[in-house]
Amino acid sequence: MIFQLYKARLKCLFRNKEGMFWSYMFPLLLATCFFFAFNNLWTIESFETISIAYDNEGAGIDPLKEALAEAKMSDGTPIFSITYTGKENAGKLLEDDESQAYIVGSSDPVLYVKQNGMNETIIKSFLDSYRQISFSVHTILKENPEAINQGLMKDVMQFDNFIDEIKDGKKPDAVLIYFYALMAYTCIFAANWGLEEVVNIQADLSNRGARVNVSPIHKMKLFLCNMLAAFTAHSGSLILLFLYMYYVIKVDFGNNLIYTLITCLVGSLTGLALGATVGIWVKKKAEVKEAILTLFVLGGGFLSGMMIADMKYIIAEKAPLLAYINPVNLVSDALYSLYYYDTYERFGQNILILCIITVFLGVLSYIGLRRKSYASI
Amino acid sequence: MQVFKTYFKILKKQLTSILIYGAIFLGITILTTSSYRNQGNEQFKPQKVNALVVNEDGQNEFVNGFIEYLEKYVTYVEIEDNEEARKDALFYRKVEYIITIPEGFTEAFSTGEGTNLQKQIIPDSVEALAVDNAINNYFNTLKVYKKHMPELGYAQLNSYIEQNLEKETSVAFDVVHKYDKAYSDQFNKNYFNYLGYIIIAIFISGVSTVMLSFQNIDIRRRHNSSPITSRNMNIQLIFANFIFVICYLLVFIVAGYICNPYRRIDANTILYWTNAIVFALVALSLSYLVGIAVKSKKAIGALSTAVSLSLAFISGMFVPQEYLGESVLKVASFTPSYWFIKANNTIATVTSYGWDNISGILAMMAIQLGFAAALISIAMVVSKRKSQQAN
């Protein structure tokens, strides 16, 4: 009998085209859009050789020319690609965007640029260090003329590296925040399904609820059956989205996929409980209840970085309490900590808060739901 | 004029959502506009990187001198003093360069041992390169001074280095822009690109809903038996649609003009406006088609969100076209919104108005009109079939 009810409810849910669209299709669509839009966003940042033009005004011995040509990144990419030309032609190259800057003069170089920017800063800091080195040589020779015989020039040319990069754990990738927030949004979207289940079982909310109330089945039993069906159907959307993100879009969820899946399922339960609680305790029109849920779900998504990734950080810094009670943020933060941290401390904390919220809302809706009967309706 | 009036009566019910979209859009525009103001480009300013120094070596002259020196190249940010906060800040790019001065660094540098500073950065970032350069430069110079003038203390060394730093390269701007014009174009480009999304979202949810009400089979039967000819009715509907589009665009064109801190009316501005009107016609045809083809109001809500968001993402309304992948742009070129955005981006770069410069933009507008014509033709076919159904 229970299985029959479960099956019937499941069919019911799958035939609701609107619900299916928003839970199954919409997240996939959004994930695809995110992928297309953000795929190249950060790769553009990686260093590309800067093209410059150089007019040394016919200087014979020109250490600057050599220094520019030999400047290299730590991975061996040359920093500059140089066109040697006269000043006028260099100006034309700059205007036509063929080069990003040009340098005139070798002993007292002047840098000509078109705009402020990172590459311009890099060129300038390179020239600065070049000038500073020649200044150092002058100063030292003034104080200690013997230095030239003690290998000063060699020491000056010897440019040592004083910085090591620590690479630990995963690469910081802000784009992931969008995907995690979308996943979390889809989890908590279950609230709309929870609301639907309450409307279906409460005699004062729908005709079907009234009919169910006079049927010879225990109300809680039916409610749990329906909730289970809603949970099953909604988990389907999560698994679909997860598979799509993981295999098609290749979003990095870290190494522990089982925990990722658990996070999603717990999130779905929280969503269901949230919807049920709002459905039972808010005694207002259906539109008002839906608006409240939209506020929780979409507003929660916004606060956890679904539209602007920085939002999540701003909230965590300025209003940490809000971050701890926003279920969308808890789910996305759990996913984030699974990806970014080696320890499970922060992940566990998030899941624990989610569970507490779920149990609390569950109890609340149980209290509201039990022993309601109507003599006339 | 009954049909005309009814159109606006039904549209009134959509007013809330139209106003909300409009208000959010204008709000965001005003917020982002403030960032245009202070970018004076006339003087060279080095781009500073957000950085954090974790000093495990304790305070001393050597370390302090270094930290002071680096301030010329980076902006120090305050982050909570624990590993987790630092990692989070790096992830969200609040800090792009974390330097750790390991314990015993001062000692090791004095004796020439090979202890290095440690950095945590976002891999391959260009910003880090400038900082690397500055740091290495400092210690290399220090090393040379120390070797050849070993009697100097750190305080004196730092004063030498400070003198060194005064030897800056002079930087000059070569190409002189008309800054006001450039900024005005920049603002208009962003404004109209984003407006494209609003146009589609609002037109589909607004116009389609009205058209849907007219498509109800019972209402159509009632219309057929009324003394108004179907030609008359269609003309009134088209007229009403046009009035809606014109009013709507007028509001946003005026708002865009007022919000623009560098407002000016020149050929570029007129081109932006024309392009927006052309695109509005496309969006109108699309909404018309949706209104005729779709059966329920809820479906319109879903379609409006899905179509407007996906068009906005793939054709470069939210993320500029130059950041999108090539294959995405290829697919997008089959949508009218791609040509709308492309035309806007091209208008922003036009500085002279010969036929060579303008013809490309006009071609992009023509392509949009082609899309509009195609959509309207499809709508005609659907509408014809529906009217046969009603008879």
# chains A, B, ... in the order shown; residues from 1 in each chain; ligands from 1

$ interface_residues --of "chain B" --to "chain A" --cutoff "6 Å" --atoms "only C-alpha atoms" --output "list of chain:residue names"
B:Pro46, B:Gln47, B:Phe91, B:Tyr92, B:Asn116, B:Leu117, B:Gln118, B:Lys119, B:Gln120, B:Asp124, B:Ser125, B:Val126, B:Ala130, B:Asn136, B:Asn164, B:Glu168, B:Thr169, B:Ser170, B:Val171, B:Ala172, B:Phe173, B:Asp174, B:Val175, B:Phe313, B:Tyr323, B:Leu324

$ write_last_selection --atoms "N, CA and C atoms" --output "PDB file, in the first residue's frame"
ATOM      1  N   PRO B  46      51.110  53.576 -11.672  1.00  0.00           N
ATOM      2  CA  PRO B  46      51.400  52.151 -11.700  1.00  0.00           C
ATOM      3  C   PRO B  46      50.224  51.372 -11.107  1.00  0.00           C
ATOM      4  N   GLN B  47      49.977  50.229 -11.696  1.00  0.00           N
ATOM      5  CA  GLN B  47      48.895  49.396 -11.188  1.00  0.00           C
ATOM      6  C   GLN B  47      49.403  48.668  -9.955  1.00  0.00           C
ATOM      7  N   PHE B  91      41.534  33.037  -2.754  1.00  0.00           N
ATOM      8  CA  PHE B  91      40.549  32.426  -3.655  1.00  0.00           C
ATOM      9  C   PHE B  91      39.668  33.492  -4.288  1.00  0.00           C
ATOM     10  N   TYR B  92      39.254  34.443  -3.486  1.00  0.00           N
ATOM     11  CA  TYR B  92      38.351  35.475  -3.998  1.00  0.00           C
ATOM     12  C   TYR B  92      39.113  36.688  -4.517  1.00  0.00           C
ATOM     13  N   ASN B 116      64.979  31.608   0.836  1.00  0.00           N
ATOM     14  CA  ASN B 116      64.194  32.523   0.023  1.00  0.00           C
ATOM     15  C   ASN B 116      62.877  32.908   0.703  1.00  0.00           C
ATOM     16  N   LEU B 117      62.295  33.993   0.225  1.00  0.00           N
ATOM     17  CA  LEU B 117      60.937  34.354   0.638  1.00  0.00           C
ATOM     18  C   LEU B 117      59.990  33.348   0.001  1.00  0.00           C
ATOM     19  N   GLN B 118      58.800  33.261   0.575  1.00  0.00           N
ATOM     20  CA  GLN B 118      57.829  32.365  -0.034  1.00  0.00           C
ATOM     21  C   GLN B 118      56.631  33.172  -0.478  1.00  0.00           C
ATOM     22  N   LYS B 119      56.100  32.814  -1.652  1.00  0.00           N
ATOM     23  CA  LYS B 119      54.919  33.540  -2.104  1.00  0.00           C
ATOM     24  C   LYS B 119      53.796  32.561  -2.406  1.00  0.00           C
ATOM     25  N   GLN B 120      52.585  33.031  -2.175  1.00  0.00           N
ATOM     26  CA  GLN B 120      51.414  32.283  -2.627  1.00  0.00           C
ATOM     27  C   GLN B 120      50.670  33.205  -3.572  1.00  0.00           C
ATOM     28  N   ASP B 124      50.007  31.746 -12.602  1.00  0.00           N
ATOM     29  CA  ASP B 124      50.147  32.426 -13.895  1.00  0.00           C
ATOM     30  C   ASP B 124      49.605  33.842 -13.922  1.00  0.00           C
ATOM     31  N   SER B 125      49.454  34.502 -12.795  1.00  0.00           N
ATOM     32  CA  SER B 125      48.846  35.823 -12.901  1.00  0.00           C
ATOM     33  C   SER B 125      49.883  36.857 -13.306  1.00  0.00           C
ATOM     34  N   VAL B 126      49.466  37.767 -14.151  1.00  0.00           N
ATOM     35  CA  VAL B 126      50.364  38.802 -14.654  1.00  0.00           C
ATOM     36  C   VAL B 126      50.776  39.734 -13.523  1.00  0.00           C
ATOM     37  N   ALA B 130      55.042  41.675 -11.769  1.00  0.00           N
ATOM     38  CA  ALA B 130      55.572  42.989 -11.413  1.00  0.00           C
ATOM     39  C   ALA B 130      56.129  42.972  -9.987  1.00  0.00           C
ATOM     40  N   ASN B 136      62.816  41.010  -6.275  1.00  0.00           N
ATOM     41  CA  ASN B 136      64.151  40.550  -6.674  1.00  0.00           C
ATOM     42  C   ASN B 136      65.096  41.715  -6.875  1.00  0.00           C
ATOM     43  N   ASN B 164      68.102  55.304  -4.878  1.00  0.00           N
ATOM     44  CA  ASN B 164      67.952  54.521  -6.100  1.00  0.00           C
ATOM     45  C   ASN B 164      66.556  54.654  -6.678  1.00  0.00           C
ATOM     46  N   GLU B 168      63.400  57.212 -11.311  1.00  0.00           N
ATOM     47  CA  GLU B 168      62.294  56.575 -12.026  1.00  0.00           C
ATOM     48  C   GLU B 168      62.363  56.884 -13.500  1.00  0.00           C
ATOM     49  N   THR B 169      61.820  56.001 -14.288  1.00  0.00           N
ATOM     50  CA  THR B 169      61.728  56.239 -15.725  1.00  0.00           C
ATOM     51  C   THR B 169      60.601  57.238 -15.958  1.00  0.00           C
ATOM     52  N   SER B 170      60.847  58.211 -16.841  1.00  0.00           N
ATOM     53  CA  SER B 170      59.732  59.106 -17.124  1.00  0.00           C
ATOM     54  C   SER B 170      58.828  58.453 -18.161  1.00  0.00           C
ATOM     55  N   VAL B 171      57.548  58.623 -17.935  1.00  0.00           N
ATOM     56  CA  VAL B 171      56.568  57.991 -18.794  1.00  0.00           C
ATOM     57  C   VAL B 171      55.753  59.084 -19.452  1.00  0.00           C
ATOM     58  N   ALA B 172      55.539  58.963 -20.756  1.00  0.00           N
ATOM     59  CA  ALA B 172      54.735  59.962 -21.442  1.00  0.00           C
ATOM     60  C   ALA B 172      53.606  59.267 -22.198  1.00  0.00           C
ATOM     61  N   PHE B 173      52.505  59.994 -22.334  1.00  0.00           N
ATOM     62  CA  PHE B 173      51.404  59.439 -23.123  1.00  0.00           C
ATOM     63  C   PHE B 173      51.571  59.891 -24.551  1.00  0.00           C
ATOM     64  N   ASP B 174      51.493  58.938 -25.438  1.00  0.00           N
ATOM     65  CA  ASP B 174      51.733  59.292 -26.828  1.00  0.00           C
ATOM     66  C   ASP B 174      50.446  59.638 -27.547  1.00  0.00           C
ATOM     67  N   VAL B 175      49.537  58.672 -27.583  1.00  0.00           N
ATOM     68  CA  VAL B 175      48.304  58.897 -28.325  1.00  0.00           C
ATOM     69  C   VAL B 175      47.364  59.714 -27.455  1.00  0.00           C
ATOM     70  N   PHE B 313      23.836  35.352 -22.142  1.00  0.00           N
ATOM     71  CA  PHE B 313      25.132  34.748 -21.818  1.00  0.00           C
ATOM     72  C   PHE B 313      25.949  34.458 -23.061  1.00  0.00           C
ATOM     73  N   TYR B 323      35.812  37.909 -24.278  1.00  0.00           N
ATOM     74  CA  TYR B 323      36.158  36.872 -23.313  1.00  0.00           C
ATOM     75  C   TYR B 323      35.500  35.536 -23.649  1.00  0.00           C
ATOM     76  N   LEU B 324      34.593  35.528 -24.606  1.00  0.00           N
ATOM     77  CA  LEU B 324      33.907  34.283 -24.930  1.00  0.00           C
ATOM     78  C   LEU B 324      34.756  33.456 -25.882  1.00  0.00           C
TER      79      LEU B 324
END

$ select_by_dssp --residues "range 3-183 of chain B" --states "strand (DSSP E)" --output "list in words"
Val49, Asn50, Ala51, Leu52, Val53, Val54, Asn55, Val74, Thr75, Tyr76, Tyr97, Ile98, Ile99, Thr100, Ile101, Leu117, Gln118, Lys119, Gln120, Ile121, Ser170, Val171, Ala172 and Phe173 of chain B

$ residues_around --residues "Gly196 in chain B" --least-positions-apart "2" --cutoff "12 Å" --atoms "only C-alpha atoms" --output "ChimeraX atom specification"
/B:25,189-194,198-203,249,252,272-273,275-283,308-309,311-313,315-318,336-344

$ select_by_dssp --residues "range 196-302 of chain A" --states "alpha helix (DSSP H)" --output "short mmCIF file (atom, residue, chain, number, x, y, z; two decimals) with N, CA and C atoms, in the first residue's frame"
data_model
loop_
_atom_site.label_atom_id
_atom_site.label_comp_id
_atom_site.auth_asym_id
_atom_site.auth_seq_id
_atom_site.Cartn_x
_atom_site.Cartn_y
_atom_site.Cartn_z
N GLU A 196 4.58 22.25 -2.07
CA GLU A 196 3.56 21.54 -2.84
C GLU A 196 3.00 20.36 -2.05
N GLU A 197 3.88 19.63 -1.36
CA GLU A 197 3.43 18.47 -0.59
C GLU A 197 2.50 18.90 0.54
N VAL A 198 2.81 20.01 1.17
CA VAL A 198 1.97 20.48 2.27
C VAL A 198 0.60 20.91 1.75
N VAL A 199 0.63 21.65 0.62
CA VAL A 199 -0.64 22.07 0.04
C VAL A 199 -1.51 20.86 -0.28
N ASN A 200 -0.87 19.80 -0.70
CA ASN A 200 -1.59 18.59 -1.08
C ASN A 200 -2.16 17.80 0.08
N ILE A 201 -1.67 18.07 1.29
CA ILE A 201 -2.09 17.23 2.40
C ILE A 201 -2.95 18.00 3.40
N ASN A 207 -8.32 21.22 -2.41
CA ASN A 207 -9.40 20.23 -2.44
C ASN A 207 -8.87 18.82 -2.25
N ARG A 208 -7.70 18.58 -2.86
CA ARG A 208 -7.16 17.24 -2.72
C ARG A 208 -6.82 16.96 -1.25
N GLY A 209 -6.32 18.00 -0.56
CA GLY A 209 -6.02 17.85 0.86
C GLY A 209 -7.28 17.50 1.64
N ALA A 210 -8.39 18.15 1.30
CA ALA A 210 -9.64 17.86 1.99
C ALA A 210 -10.06 16.41 1.75
N ARG A 211 -9.89 15.95 0.52
CA ARG A 211 -10.26 14.58 0.19
C ARG A 211 -9.39 13.59 0.96
N VAL A 212 -8.09 13.90 0.99
CA VAL A 212 -7.15 12.99 1.65
C VAL A 212 -7.47 12.89 3.14
N ASN A 213 -7.97 13.98 3.74
CA ASN A 213 -8.24 13.99 5.17
C ASN A 213 -9.35 13.05 5.58
N LYS A 219 -2.55 10.34 8.38
CA LYS A 219 -2.08 11.51 7.65
C LYS A 219 -0.55 11.58 7.58
N MET A 220 0.09 11.28 8.73
CA MET A 220 1.55 11.37 8.77
C MET A 220 2.19 10.36 7.84
N LYS A 221 1.56 9.18 7.79
CA LYS A 221 2.10 8.13 6.95
C LYS A 221 2.07 8.61 5.49
N LEU A 222 0.93 9.15 5.08
CA LEU A 222 0.80 9.63 3.71
C LEU A 222 1.77 10.77 3.44
N PHE A 223 1.87 11.66 4.43
CA PHE A 223 2.75 12.82 4.26
C PHE A 223 4.19 12.37 4.06
N LEU A 224 4.62 11.42 4.91
CA LEU A 224 6.00 10.95 4.77
C LEU A 224 6.21 10.28 3.42
N CYS A 225 5.19 9.51 2.99
CA CYS A 225 5.24 8.87 1.67
C CYS A 225 5.46 9.90 0.58
N ASN A 226 4.63 10.96 0.64
CA ASN A 226 4.70 11.99 -0.38
C ASN A 226 6.03 12.73 -0.35
N MET A 227 6.48 13.01 0.89
CA MET A 227 7.75 13.70 1.03
C MET A 227 8.87 12.85 0.44
N LEU A 228 8.81 11.56 0.70
CA LEU A 228 9.82 10.65 0.19
C LEU A 228 9.81 10.69 -1.35
N ALA A 229 8.60 10.71 -1.91
CA ALA A 229 8.49 10.78 -3.38
C ALA A 229 9.09 12.08 -3.88
N ALA A 230 8.78 13.18 -3.19
CA ALA A 230 9.32 14.47 -3.60
C ALA A 230 10.84 14.46 -3.51
N PHE A 231 11.35 13.84 -2.41
CA PHE A 231 12.79 13.76 -2.22
C PHE A 231 13.43 12.96 -3.36
N THR A 232 12.80 11.84 -3.70
CA THR A 232 13.33 11.02 -4.79
C THR A 232 13.38 11.82 -6.09
N ALA A 233 12.23 12.44 -6.41
CA ALA A 233 12.15 13.15 -7.68
C ALA A 233 13.14 14.31 -7.72
N HIS A 234 13.28 15.00 -6.58
CA HIS A 234 14.18 16.14 -6.57
C HIS A 234 15.64 15.70 -6.62
N SER A 235 15.95 14.59 -5.92
CA SER A 235 17.33 14.09 -5.97
C SER A 235 17.72 13.79 -7.41
N GLY A 236 16.73 13.32 -8.19
CA GLY A 236 16.99 13.05 -9.61
C GLY A 236 17.57 14.28 -10.29
N SER A 237 16.98 15.45 -10.00
CA SER A 237 17.45 16.67 -10.66
C SER A 237 18.87 16.99 -10.21
N LEU A 238 19.16 16.71 -8.92
CA LEU A 238 20.50 17.00 -8.41
C LEU A 238 21.54 16.10 -9.06
N ILE A 239 21.17 14.81 -9.17
CA ILE A 239 22.13 13.87 -9.74
C ILE A 239 22.37 14.21 -11.21
N LEU A 240 21.29 14.56 -11.90
CA LEU A 240 21.44 14.95 -13.30
C LEU A 240 22.38 16.15 -13.43
N LEU A 241 22.14 17.16 -12.59
CA LEU A 241 22.97 18.36 -12.65
C LEU A 241 24.41 18.04 -12.32
N PHE A 242 24.59 17.18 -11.29
CA PHE A 242 25.94 16.81 -10.88
C PHE A 242 26.67 16.10 -12.02
N LEU A 243 25.99 15.11 -12.62
CA LEU A 243 26.63 14.36 -13.72
C LEU A 243 26.98 15.31 -14.86
N LEU A 257 33.99 12.63 -4.00
CA LEU A 257 32.68 12.79 -4.64
C LEU A 257 31.53 12.27 -3.77
N ILE A 258 31.84 11.27 -2.92
CA ILE A 258 30.78 10.74 -2.05
C ILE A 258 30.29 11.87 -1.13
N TYR A 259 31.26 12.61 -0.57
CA TYR A 259 30.87 13.71 0.32
C TYR A 259 30.10 14.78 -0.45
N THR A 260 30.51 15.01 -1.69
CA THR A 260 29.80 15.99 -2.51
C THR A 260 28.33 15.58 -2.64
N LEU A 261 28.14 14.29 -2.93
CA LEU A 261 26.78 13.78 -3.11
C LEU A 261 25.98 13.89 -1.82
N ILE A 262 26.63 13.55 -0.70
CA ILE A 262 25.94 13.66 0.60
C ILE A 262 25.52 15.11 0.84
N THR A 263 26.43 16.05 0.53
CA THR A 263 26.10 17.47 0.71
C THR A 263 24.83 17.82 -0.06
N CYS A 264 24.78 17.38 -1.32
CA CYS A 264 23.62 17.71 -2.15
C CYS A 264 22.35 17.13 -1.57
N LEU A 265 22.41 15.87 -1.12
CA LEU A 265 21.19 15.24 -0.61
C LEU A 265 20.74 15.89 0.69
N VAL A 266 21.68 16.22 1.56
CA VAL A 266 21.30 16.91 2.79
C VAL A 266 20.68 18.26 2.45
N GLY A 267 21.27 18.93 1.46
CA GLY A 267 20.72 20.22 1.03
C GLY A 267 19.30 20.08 0.54
N SER A 268 19.04 19.03 -0.22
CA SER A 268 17.69 18.79 -0.72
C SER A 268 16.70 18.60 0.44
N LEU A 269 17.12 17.83 1.46
CA LEU A 269 16.26 17.62 2.63
C LEU A 269 15.97 18.95 3.33
N THR A 270 17.00 19.76 3.48
CA THR A 270 16.81 21.07 4.11
C THR A 270 15.78 21.88 3.33
N GLY A 271 15.92 21.85 2.00
CA GLY A 271 14.99 22.58 1.15
C GLY A 271 13.57 22.10 1.36
N LEU A 272 13.37 20.79 1.36
CA LEU A 272 12.02 20.23 1.55
C LEU A 272 11.44 20.70 2.89
N ALA A 273 12.25 20.60 3.94
CA ALA A 273 11.77 20.99 5.26
C ALA A 273 11.42 22.47 5.30
N LEU A 274 12.24 23.27 4.63
CA LEU A 274 11.99 24.71 4.60
C LEU A 274 10.65 25.00 3.94
N GLY A 275 10.42 24.36 2.78
CA GLY A 275 9.17 24.58 2.06
C GLY A 275 7.97 24.15 2.88
N ALA A 276 8.10 22.98 3.55
CA ALA A 276 6.99 22.48 4.36
C ALA A 276 6.68 23.46 5.49
N THR A 277 7.71 23.94 6.16
CA THR A 277 7.49 24.84 7.29
C THR A 277 6.78 26.11 6.85
N VAL A 278 7.27 26.70 5.74
CA VAL A 278 6.63 27.92 5.24
C VAL A 278 5.18 27.62 4.87
N GLY A 279 4.96 26.47 4.21
CA GLY A 279 3.61 26.10 3.79
C GLY A 279 2.66 25.98 4.97
N ILE A 280 3.15 25.41 6.06
CA ILE A 280 2.27 25.17 7.21
C ILE A 280 2.07 26.42 8.05
N TRP A 281 3.15 27.13 8.31
CA TRP A 281 3.07 28.20 9.31
C TRP A 281 2.71 29.57 8.76
N ALA A 286 -1.38 31.67 -1.51
CA ALA A 286 -0.33 30.84 -2.12
C ALA A 286 0.79 31.71 -2.70
N GLU A 287 0.40 32.87 -3.29
CA GLU A 287 1.42 33.73 -3.91
C GLU A 287 2.43 34.24 -2.87
N VAL A 288 1.90 34.57 -1.70
CA VAL A 288 2.78 35.08 -0.66
C VAL A 288 3.79 34.01 -0.24
N LYS A 289 3.28 32.78 -0.08
CA LYS A 289 4.19 31.70 0.30
C LYS A 289 5.26 31.50 -0.75
N GLU A 290 4.83 31.53 -2.01
CA GLU A 290 5.82 31.34 -3.08
C GLU A 290 6.85 32.47 -3.09
N ALA A 291 6.35 33.69 -2.84
CA ALA A 291 7.28 34.83 -2.83
C ALA A 291 8.29 34.67 -1.70
N ILE A 292 7.81 34.21 -0.52
CA ILE A 292 8.74 34.02 0.60
C ILE A 292 9.81 32.99 0.24
N LEU A 293 9.36 31.90 -0.37
CA LEU A 293 10.33 30.86 -0.74
C LEU A 293 11.33 31.37 -1.78
N THR A 294 10.81 32.15 -2.76
CA THR A 294 11.72 32.70 -3.77
C THR A 294 12.78 33.56 -3.10
N GLY A 300 18.93 33.71 -1.31
CA GLY A 300 20.02 32.92 -0.73
C GLY A 300 21.10 32.65 -1.77
N GLY A 301 20.65 32.35 -2.99
CA GLY A 301 21.60 32.12 -4.09
C GLY A 301 22.44 33.36 -4.36
N PHE A 302 21.78 34.50 -4.35
CA PHE A 302 22.49 35.76 -4.59
C PHE A 302 23.55 35.98 -3.51
#

$ atom_distance --atom1 "CA of Leu26 in chain B" --atom2 "CA of Val319 in chain B"
18.3 Å
